[in-house]
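Asker: To start, I am sharing the structure in question, which I have written as structure tokens.
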Amino acid sequence: PLRWRWIAAVTGWPDRPYVYAANEASTTTVHIIDASDPTEPVLAAEYVSSEGTGCLPSEEDCAQFATAHDLTLLRHPDTGRTLLYVAYWDSGLRIVDVTDAGAPDEIGSFDYTPRLDSLGLTVDCCAHYAQPTPSGDYVLLEDEIGIGRAGGVHILRTDTCDGVQTCLIEQ
């Protein structure tokens, strides 16, 4: 059986009986699980960052690693679309429309480009937690503290990310 590190569930049972999980076994994908029968949940879909998973091809020494670390859900207050905000480690933030749980659609991203500084420490990395405001207009994207010089919070403007179209995310 699979075990997950991070799980988010949408309220709305029984109409939306889905669980969204960053998988501990692979940590690169987000699993969307149909739990309409809680005794026999089934995998409805998987989402993978548009950058792919694992070590990015441009990095021979795996300085950049694409992995789903944490996730948060929001039903957008204006459109009613269900949006998943994924802190995708070295891939930054991914916003995914999961209104149709069987067909997740990435609608926006805020990309990180990890690099080593003059001391050999990693900077611009390690998206750890993403929290949208109730309006969906902003996202607080927190970096893992303790990895290189990472750490701190990015305040991202996401007011065009409503699930109706692809959106632009600005810091």
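The way I read the labels, and the way they are meant: chains A, B, ... in the order of the structure tokens, residue 1 as the first residue of every chain, and ligand 1 as the first ligand shown, with later ones counted on from there.
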May I have the residues within 7 Å of Thr82 of chain A as a compact mmCIF listing (two decimals) with all heavy atoms, in the first residue's frame, using only C-alpha atoms and disregarding those fewer than 6 positions away in the same chain?
Answerer:
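Written out: part-v8.txt:
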# COMPACT_ATOMS: atom_id res chain seq x y z
N LEU A 74 -8.14 25.03 -2.50
CA LEU A 74 -9.01 26.19 -2.35
C LEU A 74 -10.12 26.10 -3.39
O LEU A 74 -9.84 25.88 -4.57
CB LEU A 74 -8.23 27.49 -2.57
CG LEU A 74 -9.06 28.78 -2.60
CD1 LEU A 74 -9.55 29.13 -1.19
CD2 LEU A 74 -8.25 29.93 -3.18
N ARG A 75 -11.35 26.24 -2.96
CA ARG A 75 -12.44 26.42 -3.91
C ARG A 75 -12.49 27.91 -4.18
O ARG A 75 -12.73 28.71 -3.28
CB ARG A 75 -13.77 25.93 -3.34
CG ARG A 75 -14.88 26.17 -4.36
CD ARG A 75 -16.01 25.24 -4.24
NE ARG A 75 -15.55 23.88 -4.46
CZ ARG A 75 -16.34 22.83 -4.38
NH1 ARG A 75 -17.59 22.96 -4.08
NH2 ARG A 75 -15.86 21.63 -4.58
N HIS A 76 -12.22 28.30 -5.44
CA HIS A 76 -12.11 29.72 -5.77
C HIS A 76 -13.44 30.42 -5.50
O HIS A 76 -14.49 29.97 -5.97
CB HIS A 76 -11.67 29.91 -7.22
CG HIS A 76 -11.19 31.29 -7.47
ND1 HIS A 76 -12.05 32.34 -7.74
CD2 HIS A 76 -9.93 31.81 -7.47
CE1 HIS A 76 -11.34 33.43 -7.91
NE2 HIS A 76 -10.06 33.14 -7.75
N ASP A 97 -5.80 23.14 -11.61
CA ASP A 97 -7.26 23.08 -11.56
C ASP A 97 -7.64 21.60 -11.46
O ASP A 97 -7.35 20.82 -12.37
CB ASP A 97 -7.86 23.71 -12.81
CG ASP A 97 -9.38 23.77 -12.78
OD1 ASP A 97 -10.01 23.08 -11.93
OD2 ASP A 97 -9.96 24.49 -13.61
N VAL A 98 -8.26 21.23 -10.35
CA VAL A 98 -8.69 19.84 -10.14
C VAL A 98 -10.21 19.75 -10.04
O VAL A 98 -10.74 18.82 -9.44
CB VAL A 98 -8.00 19.21 -8.90
CG1 VAL A 98 -6.51 19.04 -9.13
CG2 VAL A 98 -8.26 20.02 -7.64
N THR A 99 -10.89 20.72 -10.65
CA THR A 99 -12.35 20.68 -10.66
C THR A 99 -12.83 19.36 -11.24
O THR A 99 -13.75 18.73 -10.71
CB THR A 99 -12.92 21.88 -11.45
OG1 THR A 99 -12.38 23.08 -10.89
CG2 THR A 99 -14.43 21.91 -11.40
Asker: What's the 6 Å shell around Ala35 of chain A, counting only C-alpha atoms, without same-chain residues fewer than 3 positions away, as a ChimeraX atom specification?
Answerer: /A:17-18,38,41
Asker: Once you have the residues from the selection above, write them out as a PDB file, in the first residue's frame, restricted to N, CA and C atoms.
Answerer:
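Result file again-v1.pdb:
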ATOM      1  N   PRO A  17     -15.667  13.441  -3.259  1.00  0.00           N
ATOM      2  CA  PRO A  17     -15.001  12.530  -2.315  1.00  0.00           C
ATOM      3  C   PRO A  17     -13.535  12.281  -2.656  1.00  0.00           C
ATOM      4  N   TYR A  18     -12.782  13.360  -2.914  1.00  0.00           N
ATOM      5  CA  TYR A  18     -11.406  13.194  -3.370  1.00  0.00           C
ATOM      6  C   TYR A  18     -10.405  13.583  -2.294  1.00  0.00           C
ATOM      7  N   PRO A  38     -14.869   4.658   1.054  1.00  0.00           N
ATOM      8  CA  PRO A  38     -13.670   4.779   1.891  1.00  0.00           C
ATOM      9  C   PRO A  38     -12.991   3.452   2.206  1.00  0.00           C
ATOM     10  N   PRO A  41     -10.583   2.906  -1.618  1.00  0.00           N
ATOM     11  CA  PRO A  41     -10.247   4.079  -2.437  1.00  0.00           C
ATOM     12  C   PRO A  41      -9.482   3.667  -3.689  1.00  0.00           C
TER      13      PRO A  41
END
Asker: In terms of the shortest atom-to-atom distance over only C-alpha atoms, which of A:Thr122, A:Thr160, A:Ser135, A:Ser36 is closest to Ile107 of chain A?
Answerer: A:Thr160
Asker: Determine, counting only C-alpha atoms, which protein, DNA and RNA residues have an atom within 7 Å of an atom of Asp111 of chain A; residues of the same chain fewer than 3 positions away are not included. Present the result as a list of chain:residue names.
Answerer: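 Skipping anything fewer than 3 positions along the chain leaves A:Ser91, A:Gly92, A:Leu93.
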Asker: For the selection just defined, write its residues with N, CA, C and O atoms to a file, as a compact mmCIF listing (two decimals), in the first residue's frame.
Answerer:
# COMPACT_ATOMS: atom_id res chain seq x y z
N SER A 91 10.90 23.15 -8.21
CA SER A 91 10.06 23.63 -9.32
C SER A 91 9.19 24.80 -8.89
O SER A 91 8.40 25.30 -9.67
N GLY A 92 9.26 25.21 -7.61
CA GLY A 92 8.50 26.36 -7.13
C GLY A 92 7.05 26.04 -6.85
O GLY A 92 6.73 24.98 -6.31
N LEU A 93 6.16 26.94 -7.25
CA LEU A 93 4.72 26.77 -7.03
C LEU A 93 4.04 26.32 -8.30
O LEU A 93 4.33 26.84 -9.38
Asker: Excluding same-chain residues fewer than 5 positions from Ala130 of chain A, what lies within 7 Å of it counting only C-alpha atoms, as a list in words?
Answerer: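 Returned residues: Leu71, Thr72, Tyr85, Val86, Ala87, Val139, Leu140, Leu141 and Glu142 of chain A.
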Asker: Kindly export the residues of the current selection with all heavy atoms, as a PDB file, in the first residue's frame.
Answerer:
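part.pdb written:
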ATOM      1  N   LEU A  71       0.856  20.452  -0.312  1.00  0.00           N
ATOM      2  CA  LEU A  71      -0.242  20.941  -1.129  1.00  0.00           C
ATOM      3  C   LEU A  71      -1.389  21.463  -0.283  1.00  0.00           C
ATOM      4  O   LEU A  71      -1.568  21.067   0.857  1.00  0.00           O
ATOM      5  CB  LEU A  71      -0.732  19.851  -2.075  1.00  0.00           C
ATOM      6  CG  LEU A  71      -0.743  18.405  -1.576  1.00  0.00           C
ATOM      7  CD1 LEU A  71      -2.019  18.064  -0.861  1.00  0.00           C
ATOM      8  CD2 LEU A  71      -0.526  17.493  -2.742  1.00  0.00           C
ATOM      9  N   THR A  72      -2.129  22.418  -0.873  1.00  0.00           N
ATOM     10  CA  THR A  72      -3.268  23.044  -0.219  1.00  0.00           C
ATOM     11  C   THR A  72      -4.364  23.226  -1.259  1.00  0.00           C
ATOM     12  O   THR A  72      -4.080  23.538  -2.416  1.00  0.00           O
ATOM     13  CB  THR A  72      -2.881  24.432   0.343  1.00  0.00           C
ATOM     14  OG1 THR A  72      -1.772  24.290   1.226  1.00  0.00           O
ATOM     15  CG2 THR A  72      -4.032  25.062   1.095  1.00  0.00           C
ATOM     16  N   TYR A  85      -2.839  24.001  -4.823  1.00  0.00           N
ATOM     17  CA  TYR A  85      -1.598  24.780  -4.774  1.00  0.00           C
ATOM     18  C   TYR A  85      -0.512  23.842  -4.273  1.00  0.00           C
ATOM     19  O   TYR A  85      -0.566  23.383  -3.132  1.00  0.00           O
ATOM     20  CB  TYR A  85      -1.767  25.978  -3.837  1.00  0.00           C
ATOM     21  CG  TYR A  85      -2.826  26.940  -4.315  1.00  0.00           C
ATOM     22  CD1 TYR A  85      -4.179  26.666  -4.124  1.00  0.00           C
ATOM     23  CD2 TYR A  85      -2.480  28.122  -4.960  1.00  0.00           C
ATOM     24  CE1 TYR A  85      -5.160  27.542  -4.576  1.00  0.00           C
ATOM     25  CE2 TYR A  85      -3.445  29.002  -5.405  1.00  0.00           C
ATOM     26  CZ  TYR A  85      -4.789  28.703  -5.216  1.00  0.00           C
ATOM     27  OH  TYR A  85      -5.750  29.572  -5.660  1.00  0.00           O
ATOM     28  N   VAL A  86       0.467  23.557  -5.142  1.00  0.00           N
ATOM     29  CA  VAL A  86       1.494  22.572  -4.818  1.00  0.00           C
ATOM     30  C   VAL A  86       2.844  23.264  -4.656  1.00  0.00           C
ATOM     31  O   VAL A  86       3.339  23.910  -5.579  1.00  0.00           O
ATOM     32  CB  VAL A  86       1.608  21.486  -5.908  1.00  0.00           C
ATOM     33  CG1 VAL A  86       2.603  20.410  -5.489  1.00  0.00           C
ATOM     34  CG2 VAL A  86       0.241  20.865  -6.213  1.00  0.00           C
ATOM     35  N   ALA A  87       3.444  23.138  -3.465  1.00  0.00           N
ATOM     36  CA  ALA A  87       4.826  23.552  -3.246  1.00  0.00           C
ATOM     37  C   ALA A  87       5.676  22.427  -3.821  1.00  0.00           C
ATOM     38  O   ALA A  87       5.744  21.335  -3.263  1.00  0.00           O
ATOM     39  CB  ALA A  87       5.100  23.759  -1.758  1.00  0.00           C
ATOM     40  N   VAL A 139      -0.731  34.146  -2.706  1.00  0.00           N
ATOM     41  CA  VAL A 139      -0.249  32.887  -2.140  1.00  0.00           C
ATOM     42  C   VAL A 139       1.023  33.189  -1.365  1.00  0.00           C
ATOM     43  O   VAL A 139       1.904  33.908  -1.851  1.00  0.00           O
ATOM     44  CB  VAL A 139       0.042  31.833  -3.230  1.00  0.00           C
ATOM     45  CG1 VAL A 139       0.722  30.605  -2.636  1.00  0.00           C
ATOM     46  CG2 VAL A 139      -1.232  31.422  -3.951  1.00  0.00           C
ATOM     47  N   LEU A 140       1.123  32.661  -0.159  1.00  0.00           N
ATOM     48  CA  LEU A 140       2.357  32.715   0.608  1.00  0.00           C
ATOM     49  C   LEU A 140       3.093  31.412   0.327  1.00  0.00           C
ATOM     50  O   LEU A 140       2.576  30.331   0.603  1.00  0.00           O
ATOM     51  CB  LEU A 140       2.057  32.859   2.094  1.00  0.00           C
ATOM     52  CG  LEU A 140       1.217  34.076   2.472  1.00  0.00           C
ATOM     53  CD1 LEU A 140       0.904  34.064   3.954  1.00  0.00           C
ATOM     54  CD2 LEU A 140       1.908  35.359   2.066  1.00  0.00           C
ATOM     55  N   LEU A 141       4.270  31.515  -0.254  1.00  0.00           N
ATOM     56  CA  LEU A 141       5.075  30.350  -0.605  1.00  0.00           C
ATOM     57  C   LEU A 141       6.309  30.354   0.281  1.00  0.00           C
ATOM     58  O   LEU A 141       7.170  31.232   0.168  1.00  0.00           O
ATOM     59  CB  LEU A 141       5.460  30.389  -2.082  1.00  0.00           C
ATOM     60  CG  LEU A 141       6.255  29.203  -2.603  1.00  0.00           C
ATOM     61  CD1 LEU A 141       5.451  27.908  -2.485  1.00  0.00           C
ATOM     62  CD2 LEU A 141       6.672  29.443  -4.050  1.00  0.00           C
ATOM     63  N   GLU A 142       6.373  29.387   1.185  1.00  0.00           N
ATOM     64  CA  GLU A 142       7.445  29.322   2.181  1.00  0.00           C
ATOM     65  C   GLU A 142       8.500  28.325   1.737  1.00  0.00           C
ATOM     66  O   GLU A 142       8.183  27.246   1.248  1.00  0.00           O
ATOM     67  CB  GLU A 142       6.841  28.909   3.529  1.00  0.00           C
ATOM     68  CG  GLU A 142       7.835  28.817   4.653  1.00  0.00           C
ATOM     69  CD  GLU A 142       8.255  27.389   4.956  1.00  0.00           C
ATOM     70  OE1 GLU A 142       7.502  26.448   4.690  1.00  0.00           O
ATOM     71  OE2 GLU A 142       9.379  27.220   5.462  1.00  0.00           O
TER      72      GLU A 142
END
Asker: Could you check which of A:Leu116, A:Ser49, A:Ile95, A:Asp34 is closest to Asp15 of chain A, using only C-alpha atoms?
Answerer: A:Asp34
